[in-house]
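This is work.pdb. It holds PDB, C-alpha atoms, pLDDT in the B column.
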ATOM      1  CA  MET M 135      -0.571   6.346  12.820  1.00 85.00           C
ATOM      2  CA  LEU M 136      -1.890   8.343   9.823  1.00 90.00           C
ATOM      3  CA  LEU M 137       0.827  10.624   8.464  1.00 90.00           C
ATOM      4  CA  ASP M 138      -1.603  13.278   7.165  1.00 88.00           C
ATOM      5  CA  GLU M 139      -2.863  13.823  10.735  1.00 88.00           C
ATOM      6  CA  LEU M 140       0.718  14.658  11.732  1.00 91.00           C
ATOM      7  CA  GLY M 141       1.146  17.139   8.852  1.00 90.00           C
ATOM      8  CA  PHE M 142       3.461  14.982   6.733  1.00 91.00           C
ATOM      9  CA  ASP M 143       1.402  14.866   3.518  1.00 88.00           C
ATOM     10  CA  GLU M 144       2.347  18.077   1.713  1.00 89.00           C
ATOM     11  CA  GLY M 145       5.969  18.214   2.832  1.00 92.00           C
ATOM     12  CA  LEU M 146       6.869  14.525   2.599  1.00 94.00           C
ATOM     13  CA  VAL M 147       4.405  11.997   1.191  1.00 95.00           C
ATOM     14  CA  THR M 148       2.979  14.025  -1.716  1.00 94.00           C
ATOM     15  CA  PRO M 149       6.448  14.957  -3.074  1.00 96.00           C
ATOM     16  CA  LEU M 150       7.570  11.338  -2.585  1.00 96.00           C
ATOM     17  CA  ARG M 151       4.570  10.143  -4.631  1.00 95.00           C
ATOM     18  CA  GLU M 152       4.760  12.792  -7.361  1.00 94.00           C
ATOM     19  CA  GLN M 153       8.505  13.244  -7.848  1.00 95.00           C
ATOM     20  CA  TYR M 154       9.949   9.815  -7.101  1.00 95.00           C
ATOM     21  CA  LEU M 155       7.392   7.000  -7.068  1.00 95.00           C
ATOM     22  CA  GLN M 156       5.227   8.074 -10.040  1.00 94.00           C
ATOM     23  CA  PRO M 157       8.050   7.869 -12.611  1.00 94.00           C
ATOM     24  CA  VAL M 158       9.241   4.466 -11.347  1.00 94.00           C
ATOM     25  CA  LEU M 159       5.787   2.960 -10.921  1.00 94.00           C
ATOM     26  CA  GLY M 160       4.669   4.270 -14.299  1.00 92.00           C
ATOM     27  CA  LEU M 161       7.345   2.015 -15.785  1.00 93.00           C
ATOM     28  CA  LEU M 162       6.818  -0.975 -13.469  1.00 93.00           C
ATOM     29  CA  PHE M 163       3.000  -0.987 -13.345  1.00 92.00           C
ATOM     30  CA  PRO M 164       1.703   1.223 -16.209  1.00 91.00           C
ATOM     31  CA  GLU M 165      -1.714  -0.463 -16.354  1.00 90.00           C
ATOM     32  CA  TRP M 166      -2.243   0.190 -12.616  1.00 88.00           C
ATOM     33  CA  THR M 167      -0.998   3.762 -12.368  1.00 88.00           C
ATOM     34  CA  GLY M 168      -2.952   5.292 -15.279  1.00 80.00           C
ATOM     35  CA  GLN M 169      -1.730   8.706 -16.343  1.00 83.00           C
ATOM     36  CA  LYS M 170      -0.938   9.593 -12.748  1.00 88.00           C
ATOM     37  CA  LEU M 171      -1.014   8.361  -9.170  1.00 92.00           C
ATOM     38  CA  ASP M 172      -3.077  11.249  -7.839  1.00 90.00           C
ATOM     39  CA  SER M 173      -3.733  10.264  -4.227  1.00 90.00           C
ATOM     40  CA  HIS M 174      -2.411   8.174  -1.388  1.00 93.00           C
ATOM     41  CA  LYS M 175      -2.955   7.031   2.174  1.00 94.00           C
ATOM     42  CA  ALA M 176       0.189   6.874   4.302  1.00 96.00           C
ATOM     43  CA  PHE M 177       0.419   5.316   7.753  1.00 95.00           C
ATOM     44  CA  THR M 178       2.691   3.364  10.042  1.00 94.00           C
ATOM     45  CA  VAL M 179       2.166  -0.060  11.566  1.00 92.00           C
ATOM     46  CA  GLN M 180       3.952  -1.364  14.631  1.00 92.00           C
ATOM     47  CA  TYR M 181       4.612  -4.949  15.676  1.00 90.00           C
ATOM     48  CA  GLU M 182       5.625  -5.978  19.217  1.00 88.00           C
ATOM     49  CA  PRO M 183       5.476  -9.373  20.975  1.00 84.00           C
ATOM     50  CA  GLU M 184       2.930  -8.315  23.624  1.00 81.00           C
ATOM     51  CA  LYS M 185       0.798  -6.371  21.107  1.00 83.00           C
ATOM     52  CA  ASP M 186       0.284  -6.979  17.379  1.00 85.00           C
ATOM     53  CA  THR M 187       2.911  -9.451  16.196  1.00 84.00           C
ATOM     54  CA  ALA M 188       1.677 -10.323  12.697  1.00 83.00           C
ATOM     55  CA  LEU M 189      -0.718  -9.319   9.928  1.00 87.00           C
ATOM     56  CA  ASP M 190      -3.109 -11.801   8.332  1.00 90.00           C
ATOM     57  CA  TYR M 191      -3.280 -12.544   4.615  1.00 89.00           C
ATOM     58  CA  HIS M 192      -4.946  -9.587   2.851  1.00 92.00           C
ATOM     59  CA  PHE M 193      -4.865  -7.173  -0.091  1.00 94.00           C
ATOM     60  CA  ASP M 194      -4.702  -3.374   0.005  1.00 95.00           C
ATOM     61  CA  ASN M 195      -7.079  -0.594  -1.014  1.00 93.00           C
ATOM     62  CA  ALA M 196      -4.490   0.689  -3.467  1.00 94.00           C
ATOM     63  CA  GLU M 197      -3.286   0.275  -7.013  1.00 94.00           C
ATOM     64  CA  VAL M 198       0.312   0.001  -5.766  1.00 96.00           C
ATOM     65  CA  THR M 199       1.727  -0.230  -2.230  1.00 97.00           C
ATOM     66  CA  LEU M 200       5.070   0.914  -0.828  1.00 97.00           C
ATOM     67  CA  ASN M 201       6.087  -0.857   2.398  1.00 96.00           C
ATOM     68  CA  VAL M 202       9.272   0.491   4.044  1.00 96.00           C
ATOM     69  CA  CYS M 203      10.763  -1.143   7.129  1.00 94.00           C
ATOM     70  CA  LEU M 204      11.772   1.761   9.393  1.00 94.00           C
ATOM     71  CA  GLY M 205      13.158  -0.353  12.223  1.00 86.00           C
ATOM     72  CA  LYS M 206      13.852  -1.213  15.049  1.00 86.00           C
ATOM     73  CA  ASP M 207      15.521  -4.460  16.155  1.00 87.00           C
ATOM     74  CA  PHE M 208      13.261  -7.489  15.655  1.00 89.00           C
ATOM     75  CA  ASP M 209      13.439 -11.232  15.117  1.00 88.00           C
ATOM     76  CA  ASP M 210      11.577 -13.138  12.377  1.00 88.00           C
ATOM     77  CA  GLY M 211       8.407 -11.535  10.971  1.00 87.00           C
ATOM     78  CA  THR M 212       9.029 -12.149   7.273  1.00 90.00           C
ATOM     79  CA  LEU M 213       6.506 -10.912   4.746  1.00 93.00           C
ATOM     80  CA  TYR M 214       4.787 -13.422   2.498  1.00 93.00           C
ATOM     81  CA  PHE M 215       3.176 -12.995  -0.907  1.00 94.00           C
ATOM     82  CA  GLY M 216       0.715 -15.269  -2.715  1.00 91.00           C
ATOM     83  CA  ASN M 217      -1.455 -14.813  -5.797  1.00 88.00           C
ATOM     84  CA  MET M 218      -3.273 -11.746  -6.997  1.00 88.00           C
ATOM     85  CA  ARG M 219      -6.667 -11.344  -5.344  1.00 86.00           C
ATOM     86  CA  THR M 220      -8.558 -12.234  -8.524  1.00 76.00           C
ATOM     87  CA  LYS M 221      -6.771 -15.568  -8.953  1.00 69.00           C
ATOM     88  CA  ALA M 222      -7.384 -18.770  -7.017  1.00 63.00           C
ATOM     89  CA  VAL M 223      -6.474 -18.168  -3.381  1.00 61.00           C
ATOM     90  CA  SER M 224      -4.240 -20.619  -1.602  1.00 58.00           C
ATOM     91  CA  GLU M 225      -2.552 -19.700   1.639  1.00 57.00           C
ATOM     92  CA  SER M 226      -0.335 -22.775   1.330  1.00 60.00           C
ATOM     93  CA  HIS M 227       1.555 -21.446  -1.716  1.00 77.00           C
ATOM     94  CA  TRP M 228       3.366 -18.198  -1.058  1.00 83.00           C
ATOM     95  CA  THR M 229       6.830 -16.697  -1.209  1.00 90.00           C
ATOM     96  CA  GLU M 230       8.453 -15.340   1.936  1.00 91.00           C
ATOM     97  CA  VAL M 231      10.482 -12.133   1.774  1.00 91.00           C
ATOM     98  CA  CYS M 232      12.806 -11.006   4.551  1.00 88.00           C
ATOM     99  CA  HIS M 233      12.044  -7.352   5.212  1.00 87.00           C
ATOM    100  CA  THR M 234      15.066  -5.541   6.605  1.00 89.00           C
ATOM    101  CA  VAL M 235      15.414  -2.107   8.156  1.00 91.00           C
ATOM    102  CA  THR M 236      15.696   0.748   5.586  1.00 92.00           C
ATOM    103  CA  CYS M 237      14.455  -1.433   2.718  1.00 93.00           C
ATOM    104  CA  GLY M 238      11.218  -0.875   0.847  1.00 94.00           C
ATOM    105  CA  ILE M 239       9.014  -3.227  -1.132  1.00 95.00           C
ATOM    106  CA  LEU M 240       6.763  -2.087  -3.983  1.00 95.00           C
ATOM    107  CA  HIS M 241       3.880  -4.365  -4.926  1.00 95.00           C
ATOM    108  CA  ARG M 242       0.459  -4.284  -6.541  1.00 94.00           C
ATOM    109  CA  GLY M 243      -2.243  -3.544  -3.984  1.00 94.00           C
ATOM    110  CA  GLN M 244      -4.193  -6.582  -5.193  1.00 92.00           C
ATOM    111  CA  HIS M 245      -1.248  -8.887  -4.426  1.00 93.00           C
ATOM    112  CA  LEU M 246      -2.302 -11.039  -1.453  1.00 93.00           C
ATOM    113  CA  HIS M 247       0.233 -10.725   1.347  1.00 94.00           C
ATOM    114  CA  GLY M 248       0.780 -10.790   5.093  1.00 93.00           C
ATOM    115  CA  ALA M 249       3.424 -10.593   7.808  1.00 92.00           C
ATOM    116  CA  MET M 250       4.569 -13.564   9.868  1.00 91.00           C
ATOM    117  CA  PRO M 251       4.814 -13.025  13.642  1.00 91.00           C
ATOM    118  CA  ILE M 252       7.870 -11.347  15.070  1.00 90.00           C
ATOM    119  CA  GLN M 253       9.425 -13.324  17.904  1.00 89.00           C
ATOM    120  CA  GLY M 254      11.100 -10.452  19.688  1.00 90.00           C
ATOM    121  CA  GLY M 255      11.882  -6.766  19.496  1.00 91.00           C
ATOM    122  CA  GLU M 256       9.825  -4.159  17.667  1.00 91.00           C
ATOM    123  CA  ARG M 257       9.237  -3.489  13.969  1.00 91.00           C
ATOM    124  CA  VAL M 258       7.774  -0.292  12.534  1.00 93.00           C
ATOM    125  CA  ASN M 259       6.750  -0.052   8.884  1.00 94.00           C
ATOM    126  CA  LEU M 260       5.739   2.903   6.755  1.00 96.00           C
ATOM    127  CA  ILE M 261       2.923   1.927   4.387  1.00 96.00           C
ATOM    128  CA  VAL M 262       1.897   4.153   1.483  1.00 97.00           C
ATOM    129  CA  TRP M 263      -1.162   3.114  -0.523  1.00 96.00           C
ATOM    130  CA  LEU M 264      -0.759   4.771  -3.928  1.00 95.00           C
ATOM    131  CA  ARG M 265      -3.941   5.363  -5.884  1.00 93.00           C
ATOM    132  CA  SER M 266      -4.962   6.400  -9.393  1.00 91.00           C
ATOM    133  CA  SER M 267      -8.467   7.815  -9.793  1.00 88.00           C
ATOM    134  CA  GLU M 268      -8.246   7.056 -13.526  1.00 88.00           C
ATOM    135  CA  VAL M 269      -7.922   3.339 -12.732  1.00 90.00           C
ATOM    136  CA  ARG M 270     -10.206   3.035  -9.705  1.00 88.00           C
ATOM    137  CA  ASN M 271     -13.004   5.198 -11.129  1.00 86.00           C
ATOM    138  CA  GLN M 272     -13.490   2.407 -13.682  1.00 88.00           C
ATOM    139  CA  LEU M 273     -13.661  -0.456 -11.173  1.00 87.00           C
ATOM    140  CA  CYS M 274     -13.472  -0.492  -7.378  1.00 86.00           C
ATOM    141  CA  PRO M 275     -10.366  -2.476  -6.322  1.00 86.00           C
ATOM    142  CA  MET M 276     -12.127  -3.728  -3.200  1.00 85.00           C
ATOM    143  CA  CYS M 277     -15.461  -5.027  -4.579  1.00 87.00           C
ATOM    144  CA  ASP M 278     -14.971  -5.142  -8.377  1.00 87.00           C
ATOM    145  CA  SER M 279     -18.011  -2.905  -9.008  1.00 88.00           C
ATOM    146  CA  VAL M 280     -18.254   0.314 -10.977  1.00 88.00           C
ATOM    147  CA  PRO M 281     -18.241   3.008  -8.270  1.00 85.00           C
ATOM    148  CA  ASP M 282     -20.937   5.654  -7.807  1.00 81.00           C
ATOM    149  CA  LEU M 283     -18.829   8.801  -7.650  1.00 75.00           C
ATOM    150  CA  ILE M 284     -19.822  11.631  -5.337  1.00 70.00           C
ATOM    151  CA  GLU M 285     -18.288  14.961  -4.420  1.00 68.00           C
ATOM    152  CA  GLY M 286     -16.022  14.730  -1.412  1.00 63.00           C
ATOM    153  CA  ASN M 287     -13.206  16.383   0.489  1.00 64.00           C
ATOM    154  CA  GLY M 288      -9.610  15.242   0.396  1.00 61.00           C
ATOM    155  CA  PHE M 289      -8.620  12.153  -1.536  1.00 65.00           C
ATOM    156  CA  GLY M 290     -11.942  10.301  -1.035  1.00 63.00           C
ATOM    157  CA  ASP M 291     -10.154   6.927  -1.067  1.00 74.00           C
ATOM    158  CA  GLY M 292      -8.893   7.860  -4.527  1.00 72.00           C
ATOM    159  CA  PHE M 293     -12.253   7.729  -6.329  1.00 71.00           C
ATOM    160  CA  THR M 294     -13.587  11.249  -6.611  1.00 62.00           C
ATOM    161  CA  ARG M 295     -10.777  13.124  -8.341  1.00 51.00           C
ATOM    162  CA  ASN M 296     -11.783  14.475 -11.759  1.00 55.00           C
ATOM    163  CA  CYS M 297      -9.483  12.693 -14.222  1.00 47.00           C
ATOM    164  CA  ASP M 298      -9.805  15.615 -16.669  1.00 52.00           C
ATOM    165  CA  ASP M 299      -7.968  17.814 -14.146  1.00 47.00           C
ATOM    166  CA  ILE M 300      -4.924  15.544 -14.013  1.00 43.00           C
TER     167      ILE M 300
END
For the file at hand, write its structure as structure tokens.
Amino acid sequence: MLLDELGFDEGLVTPLREQYLQPVLGLLFPEWTGQKLDSHKAFTVQYEPEKDTALDYHFDNAEVTLNVCLGKDFDDGTLYFGNMRTKAVSESHWTEVCHTVTCGILHRGQHLHGAMPIQGGERVNLIVWLRSSEVRNQLCPMCDSVPDLIEGNGFGDGFTRNCDDI
């Protein structure tokens, strides 16, 4: 579920990004936040045994990702993290992280990760992809090419903001 479609951007996610996450992430990941994280994409994911139970190994379309476990009761389903996308990929060498209700994990968007299957119950996660146009306008984080910038509405996947206006 996309949070902007429910009207949560201006009252919740934008203040979270600007007032709380930007100062912390500017210290933790200064080379990936630029002068400012100026856009985001926020959504929820849901895991249930008879539906989606896991998430394959992947990286995010973000400079930094916040993943908060909102609940509910569930068994297993640890997260796992491997190398950065640009390093040699090996699914056999990763670190598992137990993701518990009310806890959040901050990680680089290019950090390869996934979610092991839950065995029972239901898990809901809030995912916020945090983006910096200053960083991504130099090099697309998905294809490693210099992007062709065009005018657009909204956040435009974080590319089209004018960095001079930040």
Taking 5 positions as the minimum chain separation for residues in the same chain, which residues sit within 12 Å of M:Leu146 when counting all atoms listed in the file? Answer as a list in words.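 With the cut-off at 12 Å, the set is Leu137, Asp138, Leu140, Gly141, Arg151, Glu152, Gln153, Tyr154, His174, Ala176 and Val262 of chain M.
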Taking the file as shown, find all residues satisfying the PyMOL selection byres ((chain M and resi 254) around 8) and write them as number ranges by chain. M: 182-183, 208-210, 252-253, 255-256
For M:Gly238, the nearest of the candidates M:Ala196, M:Leu213, M:Leu136, M:Met276, counting only C-alpha atoms: M:Leu213
Skipping near chain neighbours, those fewer than 2 positions away, what residues fall within 12 Å of M:Gln272 using all atoms listed in the file, listed as a ChimeraX atom specification? /M:166,168,266-270,274-275,277-283,292-294,297
Is there a way to get, as a list in words, all residues within 7 Å of the point (2.3, 6.6, 14.2) in file coordinates, counting all atoms listed in the file? Met135, Leu136, Phe177 and Thr178 of chain M
Between M:Pro164, M:Gly248, M:Pro149, M:Gly216, which one has atoms that come closest to M:Asn201, using only C-alpha atoms?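 Checking each of M:Pro164, M:Gly248, M:Pro149, M:Gly216 against M:Asn201, counting only C-alpha atoms, the winner is M:Gly248.
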Counting all atoms listed in the file, which residue out of M:Phe163, M:Glu184, M:Leu246, M:Leu200 sits closest to M:Tyr214?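 Nearest candidate to M:Tyr214 out of M:Phe163, M:Glu184, M:Leu246, M:Leu200: M:Leu246.
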Atom-to-atom span, atom CA of M:Trp228 and atom CA of M:Thr199, Å: 18.1 Å
Give me, please, the distance in Å between atom CA of M:Phe193 and atom CA of M:Val158, quoted to one decimal.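 Atom-to-atom, atom CA of M:Phe193 to atom CA of M:Val158, that is 21.5 Å.
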Closest to M:Asp143 among M:Asp194, M:Lys175, M:Thr234, M:Phe215, using all atoms listed in the file? M:Lys175
Computed interatomic separation between atom CA of M:Cys237 and atom CA of M:Asp291 (Å):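 Those two atoms sit 26.3 Å apart.
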Check which residues satisfy the PyMOL selection byres ((chain M and resi 190) around 9) in the file shown, then give them as number ranges by chain. M: 188-189, 191-192, 247-250
Out of M:Thr212, M:Thr220, M:Ser173, M:Gln180, which residue has the shortest atom-to-atom distance to M:Thr148 when counting all atoms listed in the file? M:Ser173
Closest of M:Gln156, M:Arg219, M:Lys170, M:His233 to M:Asp207 - atom-to-atom distances counting only C-alpha atoms: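 Of M:Gln156, M:Arg219, M:Lys170, M:His233, the one nearest M:Asp207 is M:His233, counting only C-alpha atoms.
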Where is the centre and how long are the edges: axis-aligned box on stretch 225-240 of chain M, 4 Å on each side, Å to one decimal, as lines of an AutoDock Vina configuration file:
center_x = 6.6
center_y = -11.0
center_z = 2.1
size_x = 26.2
size_y = 31.5
size_z = 20.1
